[in-house]
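The file data_26.txt comes next; it holds compact mmCIF, C-alpha atoms.
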# COMPACT_ATOMS: atom_id res chain seq x y z
CA MET T 1 -15.43 1.14 11.39
CA ALA T 2 -13.28 0.94 8.30
CA ARG T 3 -13.21 2.43 4.84
CA ARG T 4 -12.17 0.74 1.64
CA ILE T 5 -9.52 2.21 -0.65
CA ASP T 6 -8.63 0.50 -3.92
CA VAL T 7 -4.97 -0.13 -4.67
CA THR T 8 -3.52 -1.23 -8.00
CA GLY T 9 -1.17 -4.14 -7.52
CA ALA T 10 1.26 -5.98 -9.78
CA GLY T 11 -0.09 -6.64 -13.26
CA GLY T 12 -2.97 -4.22 -12.69
CA VAL T 13 -4.78 -6.47 -10.17
CA ARG T 14 -7.16 -4.36 -8.08
CA LEU T 15 -6.69 -4.81 -4.36
CA ALA T 16 -8.97 -3.77 -1.50
CA ALA T 17 -7.24 -1.98 1.36
CA TRP T 18 -9.12 -1.24 4.57
CA GLU T 19 -8.18 1.74 6.73
CA PHE T 20 -9.21 1.67 10.36
CA GLY T 21 -9.84 4.80 12.40
CA ASP T 22 -10.09 8.37 11.16
CA PRO T 23 -8.85 9.07 7.62
CA PRO T 24 -5.68 11.16 7.24
CA LYS T 25 -6.05 14.92 6.95
CA GLY T 26 -6.53 16.21 3.45
CA ASP T 27 -7.32 12.76 2.07
CA PRO T 28 -9.32 13.16 -1.15
CA ALA T 29 -10.47 9.55 -1.22
CA LYS T 30 -14.21 9.16 -1.34
CA ALA T 31 -14.48 5.68 0.13
CA MET T 32 -17.53 4.97 2.25
CA THR T 33 -17.00 4.53 5.99
CA GLU T 34 -18.39 1.16 7.01
CA PRO T 35 -17.79 -1.88 9.21
CA VAL T 36 -15.56 -4.63 7.88
CA ILE T 37 -18.05 -7.44 7.37
CA PRO T 38 -18.06 -10.65 5.37
CA PRO T 39 -18.88 -10.10 1.70
CA GLN T 40 -22.10 -12.08 1.80
CA THR T 41 -23.77 -9.33 3.85
CA ALA T 42 -21.94 -6.34 2.41
CA GLY T 43 -23.74 -3.94 0.12
CA GLU T 44 -22.36 -2.19 -2.90
CA ARG T 45 -19.31 -0.07 -2.04
CA GLU T 46 -18.09 3.21 -3.38
CA ARG T 47 -14.52 2.75 -4.53
CA GLY T 48 -12.07 5.44 -3.46
CA ARG T 49 -8.85 6.68 -5.01
CA PRO T 50 -5.51 5.93 -3.34
CA ALA T 51 -4.98 8.04 -0.25
CA GLU T 52 -2.47 10.86 -0.13
CA SER T 53 0.31 10.82 2.42
CA ASP T 54 -0.57 11.38 6.04
CA ASP T 55 0.67 14.47 7.82
CA GLY T 56 3.31 12.36 9.56
CA SER T 57 1.78 12.59 13.03
CA ARG T 58 0.65 8.97 12.95
CA PRO T 59 3.16 6.33 11.81
CA GLY T 60 1.82 3.97 9.16
CA VAL T 61 1.16 0.28 9.75
CA LEU T 62 0.36 -2.24 7.01
CA LEU T 63 -1.17 -5.55 8.10
CA LEU T 64 -0.88 -8.61 5.86
CA HIS T 65 -3.05 -11.68 6.49
CA GLY T 66 -2.03 -15.27 5.82
CA LEU T 67 -3.09 -17.75 3.15
CA MET T 68 -6.91 -17.94 2.88
CA GLY T 69 -7.24 -14.98 5.26
CA ARG T 70 -8.61 -11.51 4.72
CA ALA T 71 -8.07 -7.99 6.02
CA SER T 72 -10.96 -8.22 8.48
CA HIS T 73 -9.08 -10.89 10.43
CA TRP T 74 -6.91 -7.99 11.60
CA ALA T 75 -9.89 -5.85 12.69
CA SER T 76 -9.26 -6.11 16.43
CA THR T 77 -5.53 -5.41 16.09
CA ALA T 78 -6.07 -2.61 13.57
CA ARG T 79 -8.67 -0.82 15.68
CA TRP T 80 -6.34 -0.95 18.65
CA LEU T 81 -3.44 0.34 16.56
CA SER T 82 -5.54 3.13 15.02
CA GLU T 83 -5.72 4.89 18.38
CA ARG T 84 -2.12 6.01 17.81
CA HIS T 85 -1.15 4.92 14.31
CA ARG T 86 -2.53 4.87 10.78
CA ALA T 87 -3.48 1.19 10.43
CA VAL T 88 -4.34 -0.31 7.05
CA ALA T 89 -5.04 -3.98 6.36
CA LEU T 90 -4.78 -5.35 2.82
CA ASP T 91 -6.88 -8.01 1.15
CA GLN T 92 -4.12 -9.65 -0.84
CA ARG T 93 -4.67 -10.86 -4.40
CA GLY T 94 -7.04 -13.81 -4.57
CA HIS T 95 -8.32 -13.07 -1.08
CA GLY T 96 -11.19 -11.17 0.53
CA GLN T 97 -12.61 -8.50 -1.76
CA SER T 98 -9.51 -8.11 -3.90
CA GLU T 99 -9.59 -9.36 -7.47
CA LYS T 100 -9.09 -13.03 -8.25
CA PRO T 101 -8.33 -13.10 -12.00
CA PRO T 102 -7.77 -16.66 -13.27
CA GLU T 103 -4.82 -15.46 -15.34
CA ALA T 104 -3.15 -13.48 -12.52
CA ALA T 105 0.27 -14.39 -11.15
CA PHE T 106 0.31 -15.85 -7.66
CA THR T 107 4.07 -15.77 -7.24
CA ARG T 108 6.15 -14.50 -4.36
CA GLU T 109 7.18 -11.57 -6.52
CA ALA T 110 3.57 -10.61 -7.19
CA TYR T 111 2.61 -10.66 -3.52
CA VAL T 112 5.67 -8.59 -2.56
CA GLU T 113 5.04 -6.08 -5.36
CA ASP T 114 1.41 -5.75 -4.24
CA ALA T 115 2.48 -4.85 -0.70
CA GLU T 116 5.08 -2.46 -2.08
CA ALA T 117 2.40 -0.77 -4.20
CA ALA T 118 0.08 -0.51 -1.21
CA LEU T 119 2.71 1.26 0.90
CA GLU T 120 3.46 3.74 -1.87
CA GLN T 121 -0.10 4.42 -3.04
CA LEU T 122 -1.47 4.76 0.49
CA GLY T 123 1.35 7.03 1.64
CA LEU T 124 2.21 4.77 4.59
CA ALA T 125 5.99 4.56 4.22
CA PRO T 126 8.17 4.23 6.10
CA ALA T 127 5.78 1.81 7.76
CA LEU T 128 5.70 -0.99 10.27
CA LEU T 129 4.77 -4.24 8.54
CA ILE T 130 2.82 -6.83 10.52
CA GLY T 131 2.32 -10.16 8.79
CA HIS T 132 0.75 -13.46 9.74
CA ALA T 133 1.95 -16.71 8.13
CA MET T 134 2.25 -16.13 4.36
CA GLY T 135 1.73 -12.41 4.98
CA ALA T 136 4.74 -12.44 7.30
CA LEU T 137 6.91 -13.94 4.56
CA THR T 138 5.73 -11.22 2.19
CA ALA T 139 6.54 -8.64 4.84
CA TRP T 140 10.11 -9.75 5.44
CA GLN T 141 10.78 -10.19 1.74
CA LEU T 142 9.58 -6.63 1.15
CA ALA T 143 11.66 -5.34 4.06
CA ALA T 144 14.72 -6.97 2.50
CA LYS T 145 13.91 -5.61 -0.97
CA ARG T 146 12.87 -2.06 -0.03
CA PRO T 147 14.39 -1.03 3.31
CA ASP T 148 13.46 2.57 2.54
CA LEU T 149 9.76 1.69 2.86
CA VAL T 150 9.95 -0.28 6.12
CA ARG T 151 10.77 0.99 9.60
CA GLY T 152 9.92 -2.18 11.50
CA LEU T 153 8.67 -5.73 11.05
CA ILE T 154 6.53 -8.15 13.07
CA VAL T 155 6.56 -11.78 11.92
CA CYS T 156 3.67 -13.82 13.31
CA ASP T 157 3.97 -17.62 13.26
CA MET T 158 5.73 -18.13 9.92
CA ARG T 159 8.54 -20.58 9.29
CA ALA T 160 11.67 -19.73 7.29
CA SER T 161 12.49 -23.37 6.53
CA ALA T 162 11.19 -25.27 3.49
CA LEU T 163 8.06 -27.32 4.12
CA GLY T 164 8.46 -29.59 1.11
CA ALA T 165 6.35 -31.51 -1.40
CA ALA T 166 4.62 -33.67 1.21
CA SER T 167 3.18 -30.57 2.85
CA GLN T 168 1.78 -29.35 -0.46
CA ARG T 169 0.14 -32.74 -1.12
CA GLU T 170 -1.40 -32.69 2.36
CA TRP T 171 -2.92 -29.30 1.68
CA GLY T 172 -4.34 -30.47 -1.63
CA ASP T 173 -5.97 -33.45 0.10
CA TRP T 174 -7.23 -31.19 2.88
CA PHE T 175 -9.02 -28.87 0.47
CA LYS T 176 -10.69 -31.89 -1.15
CA SER T 177 -11.97 -33.01 2.28
CA TRP T 178 -14.00 -29.84 2.85
CA PRO T 179 -17.73 -30.70 2.80
CA VAL T 180 -18.65 -27.79 0.51
CA PRO T 181 -21.09 -26.31 0.09
CA PHE T 182 -21.87 -25.85 3.78
CA ALA T 183 -25.59 -25.57 4.47
CA THR T 184 -25.20 -22.85 7.12
CA LEU T 185 -22.50 -20.74 8.75
CA ALA T 186 -23.08 -22.77 11.90
CA ASP T 187 -21.97 -25.82 9.90
CA VAL T 188 -18.85 -23.91 8.82
CA ARG T 189 -18.01 -23.06 12.41
CA LYS T 190 -18.58 -26.61 13.61
CA TRP T 191 -16.58 -28.30 10.87
CA PHE T 192 -13.52 -26.06 11.12
CA GLY T 193 -13.77 -25.74 14.89
CA GLU T 194 -14.49 -29.38 15.74
CA ASP T 195 -14.86 -31.88 12.88
CA ASP T 196 -11.91 -31.02 10.63
CA PRO T 197 -9.33 -33.86 10.98
CA TRP T 198 -6.65 -31.19 11.37
CA VAL T 199 -8.27 -30.00 14.62
CA GLU T 200 -6.69 -31.66 17.65
CA ARG T 201 -9.26 -30.31 20.11
CA PRO T 202 -12.33 -28.06 19.79
CA ASN T 203 -11.28 -24.58 18.74
CA PRO T 204 -14.18 -22.10 18.39
CA SER T 205 -11.91 -19.27 17.23
CA ARG T 206 -10.76 -21.41 14.31
CA GLY T 207 -14.38 -21.97 13.34
CA GLU T 208 -15.02 -18.22 13.47
CA PHE T 209 -11.88 -17.56 11.43
CA TYR T 210 -13.11 -19.73 8.57
CA ALA T 211 -16.70 -18.55 8.81
CA GLU T 212 -15.34 -15.10 8.01
CA VAL T 213 -13.97 -16.27 4.65
CA MET T 214 -17.23 -17.84 3.44
CA GLN T 215 -19.88 -16.32 1.21
CA GLU T 216 -23.39 -17.44 0.43
CA SER T 217 -24.03 -18.97 -2.99
CA PRO T 218 -27.21 -20.47 -4.48
CA ASP T 219 -26.37 -23.93 -3.12
CA GLY T 220 -24.89 -22.97 0.25
CA TRP T 221 -21.77 -21.39 1.73
CA ARG T 222 -18.46 -21.52 -0.11
CA PRO T 223 -15.06 -19.87 0.40
CA VAL T 224 -14.53 -16.39 -1.04
CA PHE T 225 -11.27 -17.64 -2.54
CA GLU T 226 -10.50 -20.30 -5.13
CA PRO T 227 -8.69 -23.26 -3.51
CA GLU T 228 -6.68 -23.74 -6.70
CA GLN T 229 -5.33 -20.20 -6.39
CA MET T 230 -4.42 -20.84 -2.77
CA LEU T 231 -2.45 -23.94 -3.71
CA LYS T 232 -0.78 -22.02 -6.53
CA SER T 233 0.16 -19.26 -4.08
CA ARG T 234 1.50 -21.76 -1.60
CA GLU T 235 3.61 -23.74 -4.05
CA THR T 236 5.71 -20.65 -4.73
CA TRP T 237 7.17 -20.74 -1.21
CA VAL T 238 6.79 -24.19 0.39
CA TYR T 239 9.61 -25.79 -1.63
CA ASP T 240 12.25 -23.22 -0.65
CA ALA T 241 13.78 -21.93 2.54
CA HIS T 242 13.75 -18.18 3.15
CA TRP T 243 16.63 -17.60 5.55
CA GLU T 244 18.65 -15.46 3.16
CA GLU T 245 15.98 -12.75 3.01
CA LEU T 246 15.92 -12.63 6.81
CA THR T 247 19.62 -11.77 6.86
CA GLN T 248 18.86 -8.79 4.60
CA VAL T 249 16.24 -7.22 6.88
CA ARG T 250 17.96 -4.21 8.45
CA CYS T 251 15.08 -2.74 10.44
CA PRO T 252 14.05 -3.88 13.94
CA ALA T 253 12.12 -7.15 13.71
CA LEU T 254 10.02 -9.10 16.20
CA VAL T 255 9.30 -12.82 15.71
CA VAL T 256 6.13 -13.91 17.52
CA ARG T 257 4.92 -17.47 17.86
CA GLY T 258 1.92 -19.12 19.45
CA LEU T 259 2.98 -21.69 22.00
CA ASP T 260 0.97 -24.32 20.10
CA GLY T 261 1.47 -22.80 16.66
CA GLU T 262 3.24 -24.04 13.55
CA LEU T 263 6.49 -22.18 14.20
CA GLY T 264 8.59 -24.13 16.71
CA ARG T 265 10.55 -22.36 19.42
CA ALA T 266 13.95 -23.51 18.17
CA GLU T 267 13.29 -22.30 14.64
CA ALA T 268 11.82 -19.02 15.89
CA GLN T 269 14.87 -18.34 17.99
CA GLU T 270 17.14 -19.18 15.06
CA MET T 271 15.20 -16.69 12.96
CA VAL T 272 15.81 -14.07 15.64
CA ARG T 273 19.52 -14.90 15.61
CA VAL T 274 19.69 -14.57 11.82
CA LEU T 275 17.82 -11.26 11.77
CA PRO T 276 20.35 -8.42 12.25
CA ARG T 277 18.03 -6.67 14.74
CA GLY T 278 15.75 -9.52 15.76
CA GLU T 279 13.71 -9.93 18.94
CA TYR T 280 11.51 -12.78 20.18
CA ALA T 281 8.11 -13.11 21.85
CA GLU T 282 5.61 -15.91 22.32
CA VAL T 283 1.96 -16.06 23.30
CA SER T 284 0.74 -18.83 25.59
CA ASP T 285 -2.55 -20.65 24.96
CA ALA T 286 -2.37 -19.63 21.29
CA GLY T 287 -2.15 -21.76 18.19
CA HIS T 288 -1.27 -20.71 14.66
CA LEU T 289 -3.95 -17.98 14.61
CA VAL T 290 -2.14 -16.08 17.35
CA HIS T 291 -3.77 -12.67 16.98
CA TYR T 292 -7.18 -14.26 16.48
CA ASP T 293 -6.89 -16.87 19.28
CA GLN T 294 -5.53 -14.60 21.98
CA PRO T 295 -5.90 -10.91 21.09
CA GLU T 296 -4.97 -9.68 24.57
CA GLY T 297 -1.89 -11.90 24.77
CA TRP T 298 -0.93 -10.82 21.26
CA ARG T 299 -1.16 -7.14 22.17
CA THR T 300 0.88 -7.66 25.30
CA ALA T 301 3.56 -9.43 23.28
CA ILE T 302 3.93 -6.77 20.59
CA GLU T 303 3.25 -3.53 22.47
CA PRO T 304 6.81 -2.94 23.81
CA PHE T 305 8.19 -3.43 20.31
CA LEU T 306 5.60 -1.06 18.84
CA ASP T 307 6.44 1.59 21.40
CA ALA T 308 10.14 1.32 20.59
CA VAL T 309 9.76 1.38 16.81
CA LEU T 310 6.85 3.77 16.29
CA THR T 311 7.64 6.55 18.75
CA PRO T 312 8.80 9.83 17.14
CA GLU T 313 12.29 9.32 18.53
CA ALA T 314 12.69 5.95 16.81
CA PRO T 315 15.01 5.86 13.78
For this file, produce the structure as C-alpha cells.
Amino acid sequence: MARRIDVTGAGGVRLAAWEFGDPPKGDPAKAMTEPVIPPQTAGERERGRPAESDDGSRPGVLLLHGLMGRASHWASTARWLSERHRAVALDQRGHGQSEKPPEAAFTREAYVEDAEAALEQLGLAPALLIGHAMGALTAWQLAAKRPDLVRGLIVCDMRASALGAASQREWGDWFKSWPVPFATLADVRKWFGEDDPWVERPNPSRGEFYAEVMQESPDGWRPVFEPEQMLKSRETWVYDAHWEELTQVRCPALVVRGLDGELGRAEAQEMVRVLPRGEYAEVSDAGHLVHYDQPEGWRTAIEPFLDAVLTPEAP
C-alpha cells in the first residue's frame, strides 16, 4: 500500500510523491491510502498536503526512478525498506502522475531542485538517496549541492561519462520506432520484452517495466509521458561528463551495476575511486533495470550499506 502526497517542485510544478508503509506520527496529510497502480486503472485521488517531519525513529529514504520510469517501479524496494525506514518514491516531473507542463523546464537544475524540495517538504532529511539511471545522477548532484540533506547515496547503473550526440540521435530514432498505439498491454509486454530491436534476448521484466508506464487512450495504449519531454530531459546530461560532482559527494556512496547493464565495470570502479567515500557492488544476471530484474540480488547487494548508513550510530 502507498499514499500519495503532493510536492511543489521547481517553477511550481506539482509532483506526486508516494510513501510506502505507515505514515509518520502526527502527519496531518489527508492522502488516501491505496496501492500504487498504473494510472489507467487508478481512480480519482485525494491530494494531501506535504508531510511534517517524522519523529526521527525511522531514517528517511528518497527513491528516484530513471528516465521514462515512475515511482511504482520502486514498489518492491520501498515496501522492503519501509519495514525499518520511511521510504518515499517520487514521480519526477514529466513522469508518472506528476505534472507534465509543455512550458516546464526539463533541465538538470530543475530535476535536482525538485528532489531538494521533496526532501524538505516531506521532512525526510538527512536522507538516504537511492537513484536509478537518470535518478542516480540527480541524486549525486543533489548530494554534492546540499550535503546537509543527504546522509548516504546509492547509485544504480548510471554512467558519469558523456554519452554524446550519437546516443541522443539513437534515442530519437528509437522513440520513432515504437508501434504506438499498442492495441493491448500484452502487445506492450511483447514488443518491449521481445520485439524491440534493442532487446538482445527475451526479457519479460523489461516488458513489464514498460507496461507499467502505459495508459489507455481512445485508440489504444500510449506512454504516460511525452517522448519529446524525455528527449529534452536527456539532452541536458548526455553531452557532458559528471565526474566533478562525484568528487564533491562527501557522504558514504555505493555504486551498483548490473552485470549486463549499461554501466561497465571499469567505469563503475573509477566512479568508486573518485567518490571520497565510495563503495562498489554488482548484481549478477541483471541488466540495466537492476532492481526490477533481480530484486533479491539487488537487496543483497545494498543491505550491508543500508545497515551501515541508516543505523542510529551512523554519522
Compile a residue-level contact table for range 61-93 of chain T against range 184-208 of chain T at a cut-off of 12 Å, reporting for every qualifying residue the shortest atom pair and its distance in Å to one decimal, with all atoms listed in the file counted, rows ordered by chain and ascending number, as JSON lines.
{"residue": "T:Gly69", "atom": "CA", "partner": "T:Arg206", "partner_atom": "CA", "distance": 11.6}
{"residue": "T:Ser72", "atom": "CA", "partner": "T:Glu208", "partner_atom": "CA", "distance": 11.9}
{"residue": "T:His73", "atom": "CA", "partner": "T:Glu208", "partner_atom": "CA", "distance": 9.9}
**OP:** Write out as an MDAnalysis selection string each polymer residue whose atoms come within 10 Å of range 305-308 of chain T, counting only C-alpha atoms; drop sequence neighbours fewer than 6 positions from it.
**Re:** chainID T and resid 81 128 152:154 252:254 279:281 299 314:315
**OP:** Determine, counting all atoms listed in the file, which protein, DNA and RNA residues have an atom within 12 Å of an atom of Ala143 in chain T; residues of the same chain fewer than 2 positions away are not included. Present the result as a ChimeraX atom specification.
**Re:** /T:112-113,115-116,119,125-131,136-141,145-155,245-253,275
**OP:** Can you work out which one of T:Leu124, T:Val238, T:Leu90, T:Leu231 has the shortest atom-to-atom distance to Gly164 in chain T, counting all atoms listed in the file?
**Re:**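 Closest candidate: T:Val238.
The spacing separating CA of Ala166 in chain T from CA of Phe225 in chain T amounts to 22.9 Å.
Counting from CA of Tyr111 in chain T, the distance to CA of Arg273 in chain T is 25.9 Å.
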Subject >> Nearest to Thr8 in chain T by atom-to-atom distance, counting all atoms listed in the file, from T:Gly278, T:Ala162, T:Val180, T:Gln92 >> reply: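 Ranked by minimum distance to Thr8 in chain T, first place goes to T:Gln92.
With CA of Glu99 in chain T on one side and CA of Arg3 in chain T on the other, the separation reads 17.4 Å.
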Subject >> Selection near Gly287 in chain T, 9 Å with only C-alpha atoms, sequence-local residues under 3 positions removed, as number ranges by chain >> reply: T: 157, 257-262, 283-284, 290, 293-294
Subject >> Residues within 12 Å of (7.2, -14.4, -9.5), file coords, all atoms listed in the file, listed as JSON, numbers by chain >> reply: {"T": [10, 11, 104, 105, 106, 107, 108, 109, 110, 111, 112, 113, 114, 232, 233, 235, 236, 237]}
**OP:** Pick out the residues sitting within 9 Å of range 85-89 of chain T, and hand them over as a PyMOL selection string; count only C-alpha atoms, and ignore anything fewer than 4 positions along from it in its own chain.
**Re:** chain T and resi 16-24+54+57-65+70-75+77-81+122+124+310
Original post:
Taking into account all atoms listed in the file, which residue in the set T:Ser76, T:Ser177, T:Thr311, T:Ser217 is nearest to Tyr292 in chain T?
Top reply: T:Ser76
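Comparing the minimum interatomic distances between His132 in chain T and each of T:Arg159, T:Arg234, T:Arg93, T:Lys176, counting only C-alpha atoms, we find that T:Arg159 sits nearest.
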Original post:
Between T:Phe182, T:Pro102, T:His288, T:Gln97, which is the closest to Met134 in chain T once you count all atoms listed in the file?
Top reply: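 Distance minimum relative to Met134 in chain T lands on T:His288.
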Edge lengths and centre in Å to one decimal, as AutoDock Vina command-line options, is what I'm after for the box along x, y and z that holds all listed atoms of range 263-269 of chain T once 5 Å is added on each side.
--center_x 10.7 --center_y -21.2 --center_z 16.8 --size_x 18.4 --size_y 15.8 --size_z 15.2
Subject >> Of the listed residues T:Glu120, T:Phe209, T:Asp285, T:Ser167, that which approaches Pro223 in chain T most closely, counting only C-alpha atoms >> reply: T:Phe209
**OP:** Find the spatial neighbours of Val274 in chain T, counting only C-alpha atoms, within a cut-off of 9 Å - ignore same-chain residues fewer than 2 positions away - and output them as a list in words.
**Re:** Trp243, Glu244, Leu246, Thr247, Gln269, Glu270, Met271, Val272, Pro276, Arg277 and Gly278 of chain T
